[in-house]
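Structure data follow from protein.cif (mmCIF, C-alpha atoms and all ligand atoms):
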```cif
data_work
#
loop_
_atom_site.label_atom_id
_atom_site.label_comp_id
_atom_site.auth_asym_id
_atom_site.auth_seq_id
_atom_site.Cartn_x
_atom_site.Cartn_y
_atom_site.Cartn_z
CA MET A 180 67.39 -63.04 201.17
CA ASN A 181 70.74 -63.01 199.40
CA LYS A 182 72.76 -65.49 197.39
CA TYR A 183 74.55 -66.72 200.51
CA ASN A 184 71.35 -67.72 202.32
CA VAL A 185 70.19 -71.29 202.35
CA THR A 186 67.10 -72.06 200.20
CA SER A 187 63.92 -73.22 201.93
CA ASP A 188 64.78 -76.83 201.09
CA GLY A 189 68.27 -76.49 202.50
CA PHE A 190 70.57 -75.86 199.54
CA TYR A 191 73.55 -73.62 198.94
CA GLY A 192 73.91 -73.98 195.18
CA GLU A 193 74.19 -77.71 194.56
CA PHE A 194 75.27 -78.44 198.15
CA GLY A 195 73.18 -79.25 201.23
CA GLY A 196 69.72 -80.78 201.45
CA ALA A 197 68.42 -83.33 203.93
CA TYR A 198 69.17 -86.92 202.95
CA VAL A 199 67.86 -88.82 205.95
CA PRO A 200 66.24 -92.24 206.46
CA GLU A 201 62.46 -92.26 206.39
CA ILE A 202 62.18 -92.76 210.14
CA LEU A 203 63.90 -89.39 210.79
CA HIS A 204 62.02 -87.50 208.11
CA GLY A 205 59.32 -86.29 210.53
CA CYS A 206 61.89 -85.21 213.12
CA VAL A 207 63.99 -83.22 210.68
CA GLU A 208 60.89 -81.73 209.04
CA ASN A 209 59.59 -80.64 212.45
CA LEU A 210 62.88 -78.94 213.28
CA LYS A 211 62.97 -77.31 209.84
CA ASN A 212 59.46 -75.90 210.34
CA ASN A 213 60.24 -74.52 213.81
CA TYR A 214 63.88 -73.42 214.08
CA LEU A 215 63.50 -69.97 212.55
CA LYS A 216 60.38 -69.24 214.58
CA ILE A 217 62.24 -70.21 217.76
CA LEU A 218 65.44 -68.31 216.86
CA ASN A 219 63.42 -65.16 216.18
CA ASP A 220 61.29 -65.47 219.29
CA ASP A 221 61.97 -62.77 221.92
CA SER A 222 62.06 -65.16 224.87
CA PHE A 223 64.63 -67.34 223.07
CA LYS A 224 66.77 -64.34 222.16
CA ARG A 225 66.70 -63.06 225.74
CA GLU A 226 67.67 -66.42 227.27
CA PHE A 227 70.38 -67.09 224.65
CA GLU A 228 71.94 -63.64 225.08
CA GLN A 229 71.81 -63.84 228.86
CA LEU A 230 73.60 -67.20 228.92
CA LEU A 231 76.19 -66.11 226.36
CA ARG A 232 76.96 -63.12 228.55
CA ASP A 233 76.76 -64.49 232.10
CA TYR A 234 77.70 -68.14 231.54
CA VAL A 235 80.00 -68.22 228.49
CA GLY A 236 81.62 -64.84 229.20
CA ARG A 237 80.76 -63.05 225.95
CA PRO A 238 81.54 -60.85 224.20
CA SER A 239 84.91 -62.51 223.67
CA PRO A 240 87.70 -59.91 223.34
CA LEU A 241 89.02 -58.69 219.98
CA TYR A 242 92.68 -58.46 220.89
CA PRO A 243 95.14 -56.33 218.87
CA ALA A 244 98.19 -58.60 218.64
CA LYS A 245 101.04 -56.12 218.51
CA ARG A 246 104.07 -58.33 218.15
CA LEU A 247 102.38 -60.64 215.65
CA SER A 248 101.29 -57.57 213.64
CA GLU A 249 104.87 -56.31 213.48
CA LYS A 250 106.11 -59.66 212.28
CA TYR A 251 103.55 -59.98 209.46
CA GLY A 252 103.47 -56.28 208.50
CA CYS A 253 99.75 -55.64 208.97
CA LYS A 254 97.23 -55.00 211.76
CA ILE A 255 96.24 -58.31 213.29
CA TYR A 256 93.34 -58.71 215.69
CA LEU A 257 92.63 -62.04 217.39
CA LYS A 258 89.00 -62.98 218.13
CA ARG A 259 89.41 -64.79 221.42
CA GLU A 260 86.96 -67.72 221.35
CA ASP A 261 89.58 -69.58 223.40
CA LEU A 262 88.47 -67.55 226.41
CA ASN A 263 84.92 -68.94 226.36
CA HIS A 264 83.68 -71.31 229.08
CA THR A 265 84.82 -74.86 228.13
CA GLY A 266 87.62 -73.40 226.02
CA ALA A 267 86.28 -73.02 222.48
CA HIS A 268 83.51 -71.63 220.28
CA LYS A 269 81.49 -74.88 220.53
CA ILE A 270 79.58 -73.72 223.62
CA ASN A 271 77.82 -70.96 221.61
CA ASN A 272 76.15 -73.65 219.52
CA THR A 273 75.30 -76.12 222.29
CA ILE A 274 73.62 -73.42 224.39
CA GLY A 275 71.51 -72.40 221.41
CA GLN A 276 70.56 -75.96 220.50
CA ILE A 277 69.59 -77.00 224.02
CA LEU A 278 67.29 -73.98 224.27
CA ILE A 279 65.71 -75.08 220.98
CA ALA A 280 65.41 -78.69 222.23
CA LYS A 281 63.60 -77.50 225.36
CA ARG A 282 61.16 -75.44 223.31
CA MET A 283 60.46 -78.47 221.13
CA GLY A 284 59.57 -80.53 224.20
CA LYS A 285 62.53 -82.95 223.96
CA SER A 286 63.89 -84.54 227.15
CA ARG A 287 66.94 -86.47 225.99
CA ILE A 288 70.07 -85.13 224.25
CA ILE A 289 72.51 -87.03 222.08
CA ALA A 290 75.73 -85.76 220.53
CA GLU A 291 78.73 -87.01 218.59
CA THR A 292 82.26 -85.95 219.36
CA GLY A 293 85.75 -86.31 217.89
CA ALA A 294 88.38 -84.81 220.17
CA GLY A 295 85.73 -84.40 222.83
CA GLN A 296 85.33 -80.62 222.71
CA HIS A 297 81.78 -80.76 221.38
CA GLY A 298 80.97 -83.65 223.74
CA VAL A 299 82.13 -81.58 226.71
CA ALA A 300 80.16 -78.53 225.49
CA ALA A 301 77.03 -80.69 225.07
CA ALA A 302 77.46 -82.40 228.47
CA THR A 303 77.96 -78.95 230.03
CA VAL A 304 74.67 -77.50 228.78
CA CYS A 305 72.85 -80.73 229.72
CA ALA A 306 74.12 -80.36 233.29
CA LEU A 307 73.04 -76.74 233.22
CA MET A 308 69.52 -77.63 232.07
CA GLY A 309 69.19 -80.90 234.00
CA MET A 310 68.76 -83.03 230.87
CA GLU A 311 69.88 -86.56 230.06
CA CYS A 312 72.96 -86.64 227.80
CA VAL A 313 74.44 -89.46 225.72
CA VAL A 314 77.67 -88.82 223.79
CA TYR A 315 78.98 -91.08 221.02
CA MET A 316 82.74 -91.09 220.66
CA GLY A 317 85.02 -93.37 218.62
CA LYS A 318 87.01 -95.77 220.78
CA THR A 319 90.29 -94.47 219.31
CA ASP A 320 89.33 -90.94 220.37
CA VAL A 321 88.20 -92.14 223.82
CA GLU A 322 91.72 -93.43 224.35
CA ARG A 323 93.43 -90.36 222.85
CA GLN A 324 91.33 -87.76 224.69
CA PHE A 325 90.70 -89.38 228.04
CA VAL A 326 90.54 -86.16 230.09
CA ASN A 327 87.58 -85.00 228.00
CA VAL A 328 85.85 -88.37 228.60
CA GLN A 329 86.36 -87.87 232.33
CA LYS A 330 84.95 -84.34 232.11
CA MET A 331 81.84 -85.55 230.27
CA GLU A 332 81.30 -88.28 232.89
CA MET A 333 81.81 -85.85 235.76
CA LEU A 334 79.20 -83.61 234.10
CA GLY A 335 76.77 -86.54 234.22
CA ALA A 336 76.83 -87.66 230.58
CA THR A 337 77.03 -91.27 229.40
CA VAL A 338 79.89 -91.76 226.93
CA HIS A 339 79.44 -94.61 224.43
CA PRO A 340 82.73 -95.73 222.86
CA VAL A 341 82.08 -96.61 219.20
CA THR A 342 83.95 -99.60 217.80
CA SER A 343 82.85 -99.56 214.15
CA GLY A 344 85.03 -98.35 211.23
CA ASN A 345 88.12 -96.39 212.15
CA MET A 346 86.57 -95.70 215.59
CA THR A 347 86.75 -91.90 215.14
CA LEU A 348 84.40 -88.97 214.46
CA LYS A 349 82.71 -90.30 211.30
CA ASP A 350 81.83 -93.55 213.08
CA ALA A 351 80.62 -91.72 216.20
CA THR A 352 78.34 -89.62 213.98
CA ASN A 353 76.92 -92.74 212.30
CA GLU A 354 76.17 -94.19 215.74
CA ALA A 355 74.49 -90.98 216.96
CA ILE A 356 72.26 -91.00 213.87
CA ARG A 357 71.42 -94.66 214.57
CA ASP A 358 70.38 -93.76 218.15
CA TRP A 359 68.27 -90.88 216.82
CA CYS A 360 66.47 -93.27 214.45
CA CYS A 361 65.51 -95.47 217.43
CA ASN A 362 64.33 -92.58 219.62
CA PRO A 363 62.93 -89.87 217.34
CA ALA A 364 60.08 -88.88 219.68
CA ASP A 365 61.91 -87.75 222.83
CA THR A 366 65.50 -87.21 221.59
CA PHE A 367 67.16 -84.08 220.23
CA TYR A 368 70.44 -84.51 218.36
CA ILE A 369 72.85 -81.64 219.05
CA ILE A 370 75.22 -81.62 216.05
CA GLY A 371 78.58 -79.95 216.67
CA SER A 372 79.25 -78.14 213.40
CA VAL A 373 77.62 -76.70 210.25
CA VAL A 374 77.14 -80.23 208.90
CA GLY A 375 74.33 -82.78 208.78
CA PRO A 376 70.89 -82.52 207.16
CA HIS A 377 69.09 -79.19 206.69
CA PRO A 378 68.32 -77.24 208.87
CA TYR A 379 71.44 -78.03 210.96
CA PRO A 380 74.04 -76.22 208.80
CA ASP A 381 71.94 -73.03 208.74
CA MET A 382 70.87 -73.32 212.38
CA VAL A 383 74.45 -73.79 213.65
CA ALA A 384 75.76 -70.96 211.42
CA ARG A 385 73.12 -68.62 212.86
CA LEU A 386 73.98 -69.62 216.44
CA GLN A 387 77.71 -69.08 215.82
CA SER A 388 77.11 -65.81 213.95
CA VAL A 389 77.39 -64.02 217.30
CA ILE A 390 81.15 -64.12 216.57
CA SER A 391 80.90 -61.85 213.50
CA GLU A 392 78.21 -59.71 215.12
CA GLU A 393 80.69 -58.89 217.87
CA ILE A 394 83.63 -58.41 215.47
CA LYS A 395 81.60 -55.73 213.64
CA LYS A 396 80.92 -53.76 216.81
CA GLN A 397 84.45 -54.20 218.16
CA LEU A 398 86.09 -53.11 214.89
CA LEU A 399 83.90 -50.02 214.73
CA GLU A 400 85.14 -49.05 218.18
CA LYS A 401 88.80 -49.82 217.49
CA GLU A 402 89.18 -48.95 213.81
CA GLY A 403 86.28 -46.60 213.06
CA ARG A 404 84.91 -48.98 210.43
CA ASP A 405 82.88 -52.11 210.98
CA TYR A 406 84.66 -54.50 208.63
CA PRO A 407 88.20 -55.87 208.19
CA ASP A 408 90.20 -56.36 204.99
CA TYR A 409 90.76 -60.02 205.80
CA LEU A 410 89.04 -62.65 207.90
CA ILE A 411 90.96 -65.82 208.73
CA ALA A 412 89.66 -69.00 210.42
CA CYS A 413 90.22 -72.75 210.34
CA VAL A 414 87.67 -75.20 208.91
CA GLY A 415 86.90 -78.68 210.14
CA GLY A 416 83.17 -78.94 209.61
CA GLY A 417 83.23 -75.17 209.41
CA SER A 418 81.29 -73.73 212.37
CA ASN A 419 83.82 -71.26 213.81
CA ALA A 420 84.56 -70.13 210.25
CA ALA A 421 80.84 -69.75 209.46
CA GLY A 422 80.35 -67.71 212.63
CA THR A 423 83.35 -65.52 211.84
CA ILE A 424 82.25 -64.68 208.28
CA TYR A 425 78.44 -64.75 208.59
CA HIS A 426 77.73 -61.01 208.79
CA PHE A 427 80.48 -60.11 206.30
CA LEU A 428 79.57 -62.37 203.37
CA GLU A 429 77.70 -59.67 201.49
CA ASN A 430 80.48 -57.13 201.96
CA GLU A 431 82.70 -57.95 198.99
CA ARG A 432 85.49 -55.73 200.33
CA VAL A 433 86.14 -58.36 202.99
CA LYS A 434 88.50 -61.08 201.76
CA ILE A 435 88.06 -64.46 203.42
CA LEU A 436 90.90 -66.95 203.90
CA LEU A 437 90.12 -70.32 205.46
CA ALA A 438 92.67 -72.92 206.56
CA GLU A 439 92.01 -76.61 206.13
CA ALA A 440 94.16 -79.41 207.45
CA ALA A 441 96.74 -80.58 204.90
CA GLY A 442 98.18 -83.11 207.36
CA LYS A 443 101.51 -84.32 206.02
CA GLY A 444 100.82 -82.60 202.67
CA VAL A 445 97.86 -82.45 200.27
CA ASP A 446 99.36 -85.13 198.00
CA SER A 447 100.76 -87.33 200.77
CA GLY A 448 97.67 -89.50 201.15
CA MET A 449 97.57 -88.32 204.77
CA SER A 450 95.46 -85.18 204.95
CA ALA A 451 92.00 -83.85 205.68
CA ALA A 452 92.02 -81.29 202.85
CA THR A 453 88.42 -81.93 201.80
CA LEU A 454 88.10 -78.83 199.62
CA GLN A 455 91.23 -79.71 197.63
CA LEU A 456 90.62 -83.45 197.35
CA GLY A 457 86.91 -84.07 197.94
CA LYS A 458 84.32 -85.05 195.35
CA VAL A 459 80.58 -84.45 195.52
CA GLY A 460 78.86 -87.08 197.61
CA ILE A 461 76.50 -87.52 200.53
CA ILE A 462 77.70 -87.74 204.10
CA HIS A 463 75.66 -87.59 207.30
CA GLY A 464 72.54 -86.33 205.54
CA SER A 465 74.12 -83.64 203.38
CA ARG A 466 75.30 -83.36 199.77
CA THR A 467 78.75 -81.87 199.95
CA LEU A 468 82.40 -82.50 199.14
CA VAL A 469 83.59 -85.80 200.59
CA MET A 470 86.99 -87.50 200.69
CA GLN A 471 86.18 -90.74 198.90
CA SER A 472 87.71 -93.49 196.84
CA ALA A 473 86.93 -94.02 193.13
CA ASP A 474 84.09 -96.36 194.08
CA GLY A 475 82.55 -93.88 196.52
CA GLN A 476 83.77 -95.32 199.82
CA ILE A 477 84.61 -92.64 202.39
CA GLU A 478 88.35 -92.32 202.90
CA GLU A 479 89.85 -91.89 206.34
CA PRO A 480 91.10 -88.36 206.75
CA TYR A 481 94.25 -87.54 208.70
CA SER A 482 95.29 -84.44 210.60
CA ILE A 483 97.42 -83.91 213.69
CA SER A 484 94.39 -82.03 214.99
CA ALA A 485 91.47 -84.27 216.00
CA GLY A 486 89.02 -81.39 215.49
CA LEU A 487 89.88 -81.06 211.80
CA ASP A 488 90.02 -84.67 210.59
CA TYR A 489 86.49 -84.92 209.20
CA PRO A 490 86.05 -86.43 205.70
CA GLY A 491 83.30 -83.94 204.76
CA ILE A 492 82.74 -80.20 205.09
CA GLY A 493 79.70 -78.04 205.74
CA PRO A 494 77.72 -77.46 202.50
CA LEU A 495 77.94 -73.67 202.96
CA HIS A 496 81.73 -73.89 202.71
CA ALA A 497 81.65 -76.20 199.68
CA TYR A 498 79.46 -73.55 198.00
CA LEU A 499 81.44 -70.47 199.07
CA ALA A 500 84.66 -72.04 197.80
CA ALA A 501 83.01 -73.10 194.51
CA ILE A 502 81.82 -69.54 193.79
CA LYS A 503 85.20 -68.20 195.00
CA ARG A 504 83.75 -66.08 197.81
CA THR A 505 86.30 -67.76 200.07
CA GLU A 506 89.80 -68.98 199.43
CA VAL A 507 90.59 -72.23 201.19
CA VAL A 508 94.29 -72.77 201.85
CA PRO A 509 95.81 -76.08 202.96
CA VAL A 510 98.03 -75.80 206.05
CA THR A 511 100.21 -78.74 207.08
CA ASP A 512 100.77 -80.24 210.54
CA ASP A 513 104.25 -78.73 210.69
CA GLN A 514 103.11 -75.25 209.63
CA ALA A 515 100.40 -75.37 212.31
CA LEU A 516 102.78 -76.55 215.03
CA GLU A 517 105.28 -73.83 214.18
CA ALA A 518 102.51 -71.21 214.27
CA ALA A 519 101.33 -72.48 217.66
CA TYR A 520 104.80 -71.96 219.15
CA GLU A 521 105.06 -68.56 217.49
CA LEU A 522 101.80 -67.30 219.01
CA THR A 523 102.72 -68.73 222.38
CA ARG A 524 106.16 -67.10 222.43
CA MET A 525 105.10 -63.76 220.90
CA GLU A 526 101.74 -63.14 222.55
CA GLY A 527 101.56 -65.53 225.51
CA ILE A 528 98.55 -67.38 224.11
CA ILE A 529 98.60 -71.18 223.71
CA PRO A 530 96.08 -71.91 220.92
CA ALA A 531 94.20 -75.11 220.12
CA LEU A 532 95.84 -77.14 217.34
CA GLU A 533 92.82 -76.41 215.12
CA SER A 534 93.29 -72.66 215.57
CA SER A 535 97.01 -73.07 214.88
CA HIS A 536 96.09 -73.95 211.29
CA ALA A 537 94.47 -70.52 210.91
CA LEU A 538 97.60 -68.96 212.40
CA GLY A 539 99.78 -70.98 210.00
CA LEU A 540 98.05 -69.21 207.14
CA LEU A 541 99.54 -65.83 208.13
CA GLY A 542 102.93 -66.89 206.78
CA LEU A 543 101.48 -68.09 203.46
CA ARG A 544 100.07 -64.74 202.28
CA LYS A 545 101.45 -61.21 201.86
CA PHE A 546 99.63 -58.36 203.61
CA LYS A 547 99.90 -54.59 203.30
CA PRO A 548 100.75 -52.41 206.33
CA GLU A 549 97.27 -50.83 206.38
CA ASP A 550 95.44 -54.18 206.11
CA VAL A 551 93.18 -55.01 209.05
CA VAL A 552 93.24 -58.77 209.57
CA VAL A 553 90.87 -60.52 212.00
CA LEU A 554 91.81 -64.09 212.88
CA THR A 555 89.60 -66.29 215.03
CA VAL A 556 91.39 -68.28 217.72
CA SER A 557 88.69 -70.94 217.96
CA GLY A 558 89.96 -72.59 221.14
CA ARG A 559 92.69 -72.94 223.72
CA GLY A 560 95.53 -75.43 223.69
CA ASP A 561 95.10 -77.26 227.02
CA LYS A 562 93.88 -80.43 225.28
CA ASP A 563 96.86 -80.40 222.90
CA MET A 564 99.75 -80.11 225.35
CA GLU A 565 100.97 -83.66 224.74
CA THR A 566 101.24 -83.04 220.99
CA TYR A 567 102.98 -79.70 221.48
CA ILE A 568 105.48 -81.16 223.92
CA SER A 569 106.39 -84.14 221.76
CA TYR A 570 106.87 -81.79 218.77
CA ALA A 571 109.33 -79.71 220.81
CA ASN A 572 111.12 -82.85 222.02
CA ASN A 573 111.47 -84.13 218.46
CA LEU A 574 113.01 -80.84 217.35
CA LYS A 575 115.64 -81.14 220.09
CA LYS A 576 116.72 -84.60 218.90
C1 LIG B 601 85.88 -78.52 216.95
C2 LIG B 601 86.86 -77.46 216.79
C3 LIG B 601 87.17 -76.90 215.52
C4 LIG B 601 86.61 -77.44 214.24
O1 LIG B 601 85.23 -77.31 214.10
P1 LIG B 601 84.54 -76.21 213.17
O2 LIG B 601 83.12 -76.64 213.12
O3 LIG B 601 85.21 -76.27 211.84
O4 LIG B 601 84.72 -74.90 213.82
C5 LIG B 601 88.06 -75.85 215.45
N1 LIG B 601 88.64 -75.34 216.57
C6 LIG B 601 88.39 -75.86 217.80
C7 LIG B 601 89.08 -75.26 218.98
C8 LIG B 601 87.49 -76.92 217.95
O5 LIG B 601 87.27 -77.41 219.18
#
```

Can you turn what I pasted into C-alpha cells?
Ligand SMILES: *Cc1c(COP(=O)(O)O)cnc(C)c1O
Amino acid sequence: MNKYNVTSDGFYGEFGGAYVPEILHGCVENLKNNYLKILNDDSFKREFEQLLRDYVGRPSPLYPAKRLSEKYGCKIYLKREDLNHTGAHKINNTIGQILIAKRMGKSRIIAETGAGQHGVAAATVCALMGMECVVYMGKTDVERQFVNVQKMEMLGATVHPVTSGNMTLKDATNEAIRDWCCNPADTFYIIGSVVGPHPYPDMVARLQSVISEEIKKQLLEKEGRDYPDYLIACVGGGSNAAGTIYHFLENERVKILLAEAAGKGVDSGMSAATLQLGKVGIIHGSRTLVMQSADGQIEEPYSISAGLDYPGIGPLHAYLAAIKRTEVVPVTDDQALEAAYELTRMEGIIPALESSHALGLLGLRKFKPEDVVVLTVSGRGDKDMETYISYANNLKK
C-alpha cells in the first residue's frame, strides 16, 4: 500500500469513487469484490500472459531512436505499443477484461468507443472468445471512422450508432451505461480507459501496467538501470499513460510528463485540456476533473485526435497532477501534426495522432545529454492517414 494506490472505496485523494445508479450497484459491487482475487489468481495470470505473448505479440520493443535522440540532445527510447495486434495499447486491457468477464460468468459484452480503436479491440477479443459483442459509437464518429465500423462488423460485433448529444464518445458512453442498467445480470461492460466507477480505473491501470513492467526489464538490459529520467505519454482518459508510469510512481527520481490535447490552444474554446480547464464534477460514475460550464453542464471537448477528445480524465491522473507527481503539458493540434511528420521522416514510424501529442512534448522541454527518456507510442497512424494527408496538402497551399 502506498499513497498512489486506490483506497478500498475507490479514491485517489478526493478523486474517484463509484457514483452509479442503484440498479448497477450490485454489479459494480460484485466486480469490486472479485477483481483483485481474479487478477491475482494463477490461472488468470497464465492465460493473460500467454495471450499477451502469443496473440498480442508482447513484449513490445523498447526502441532506441537514434536520430530523434540526436535532434533533442538526450537518449530517447520509444515503447512500441503501435506494434501490438489491432495497432494500439487498447488490446492489453480488453484481453484482461474479457478473461475477467468469463470468470464472472457473463455471456454478453458491451463497450463504448470514440475513434473505434477500443471498439475494434473489444470486438476482437469477443471473436476470440466466441462471445456476443455490442459496441456503442456516436453517429458522428461512425461516419468519421467508417473503416473501424466495418472491422467491428466483420469481427461479428453489432455497432449501435448513438444519436443523442454531440453524437461522440461521451454520448456513446452514456448509452453503454444505459444498456448495462437494462441487462446487469448477463452483461459485462468493458470500459476502454482508466475512467468510470471504481474498480474500473484501478483494474484497467493494473491490466495496462504490463507496459511499465516491460520498460523496467528492457531498460535494465539496455542501460544497466531499471528506471528512466523521464517518462512521456499522452492522456485521453489516461490508460496508456497509467500503464507507462504504474511501476515507476514510487521512484521519485523518475520525472513524468504527460501530454493532453490543447486543440487549437488552451484558451481558444476549442480544446480537450481537461487538466488545465476542468473543474471537479462527476462523469460516468467517477468524481474527477470535468470540462463544464458555470452551471455544471458538460462542455464538448475538441481535439484533432478522436482518441483524446474526452471531457473527463481518469481520477488517478487528476490526483497525480494535483499532488504534482506528474506534469501535464498541453500540446496543440499543430504541434502534434508537426511531431508526427518528424517521427515519420526521422525514424520511419507513422504514429497515431494521439501518440503524436506525446511526441510534440519533446520540443517543449529541455533535456540533458545523459537523460534517458522513455516515450510511449500508444498506437499506429493507419487510422489517421486522411488527417495527415490533408495537413500536408494545406501546408503546400
Ligand atoms: C484510445 C487511444 C488513446 C487515448 O486513450 P488513453 O486511455 O488515454 O490511453 C491514446 N492513443 C491511442 C493510440 C489510442 O487508441

Coordinates-based distance that separates CA of Pro490 (chain A) from CA of Met470 (chain A) (Å, one decimal)
5.2 Å

Just checking: using all atoms listed in the file, which residue out of A:Gln329, A:Asn271, A:Asn219, A:Ser484 ends up closest to Asp563 (chain A)?
A:Ser484

Write out as a VMD selection string each polymer residue (protein, DNA or RNA) that has an atom no more than 6 Å from ligand LIG 601 (chain B), with only C-alpha atoms and all ligand atoms counted.
chain A and resid 267 296 372 414 to 420 486 to 487 531 533 to 534 557 to 558

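Pairwise distance (CA of Glu549 (chain A), CA of Glu439 (chain A)) equals 26.3 Å.
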
Place a sphere of radius 9 Å on (85.2, -77.3, 220.6) in the file coordinates and name every protein, DNA or RNA residue with an atom inside or on its surface, counting all atoms listed in the file; give the answer as a PDB file with C-alpha atoms, keeping the file's coordinate frame.
```
ATOM      1  CA  THR A 265      84.820 -74.860 228.130  1.00  0.00           C
ATOM      2  CA  GLY A 266      87.620 -73.400 226.020  1.00  0.00           C
ATOM      3  CA  ALA A 267      86.280 -73.020 222.480  1.00  0.00           C
ATOM      4  CA  HIS A 268      83.510 -71.630 220.280  1.00  0.00           C
ATOM      5  CA  LYS A 269      81.490 -74.880 220.530  1.00  0.00           C
ATOM      6  CA  ILE A 270      79.580 -73.720 223.620  1.00  0.00           C
ATOM      7  CA  ALA A 294      88.380 -84.810 220.170  1.00  0.00           C
ATOM      8  CA  GLY A 295      85.730 -84.400 222.830  1.00  0.00           C
ATOM      9  CA  GLN A 296      85.330 -80.620 222.710  1.00  0.00           C
ATOM     10  CA  HIS A 297      81.780 -80.760 221.380  1.00  0.00           C
ATOM     11  CA  GLY A 298      80.970 -83.650 223.740  1.00  0.00           C
ATOM     12  CA  VAL A 299      82.130 -81.580 226.710  1.00  0.00           C
ATOM     13  CA  ALA A 300      80.160 -78.530 225.490  1.00  0.00           C
ATOM     14  CA  GLY A 371      78.580 -79.950 216.670  1.00  0.00           C
ATOM     15  CA  GLY A 486      89.020 -81.390 215.490  1.00  0.00           C
ATOM     16  CA  SER A 557      88.690 -70.940 217.960  1.00  0.00           C
ATOM     17  CA  GLY A 558      89.960 -72.590 221.140  1.00  0.00           C
TER      18      GLY A 558
END
```

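When all atoms listed in the file are used to compute distances to Leu495 (chain A), the closest of the residues A:Leu454, A:Ile568, A:Val235, A:Val556 turns out to be A:Leu454.
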
Which residue of A:Tyr183, A:Tyr567, A:Tyr489, A:Phe190 approaches Pro376 (chain A) most closely, using only C-alpha atoms
A:Phe190
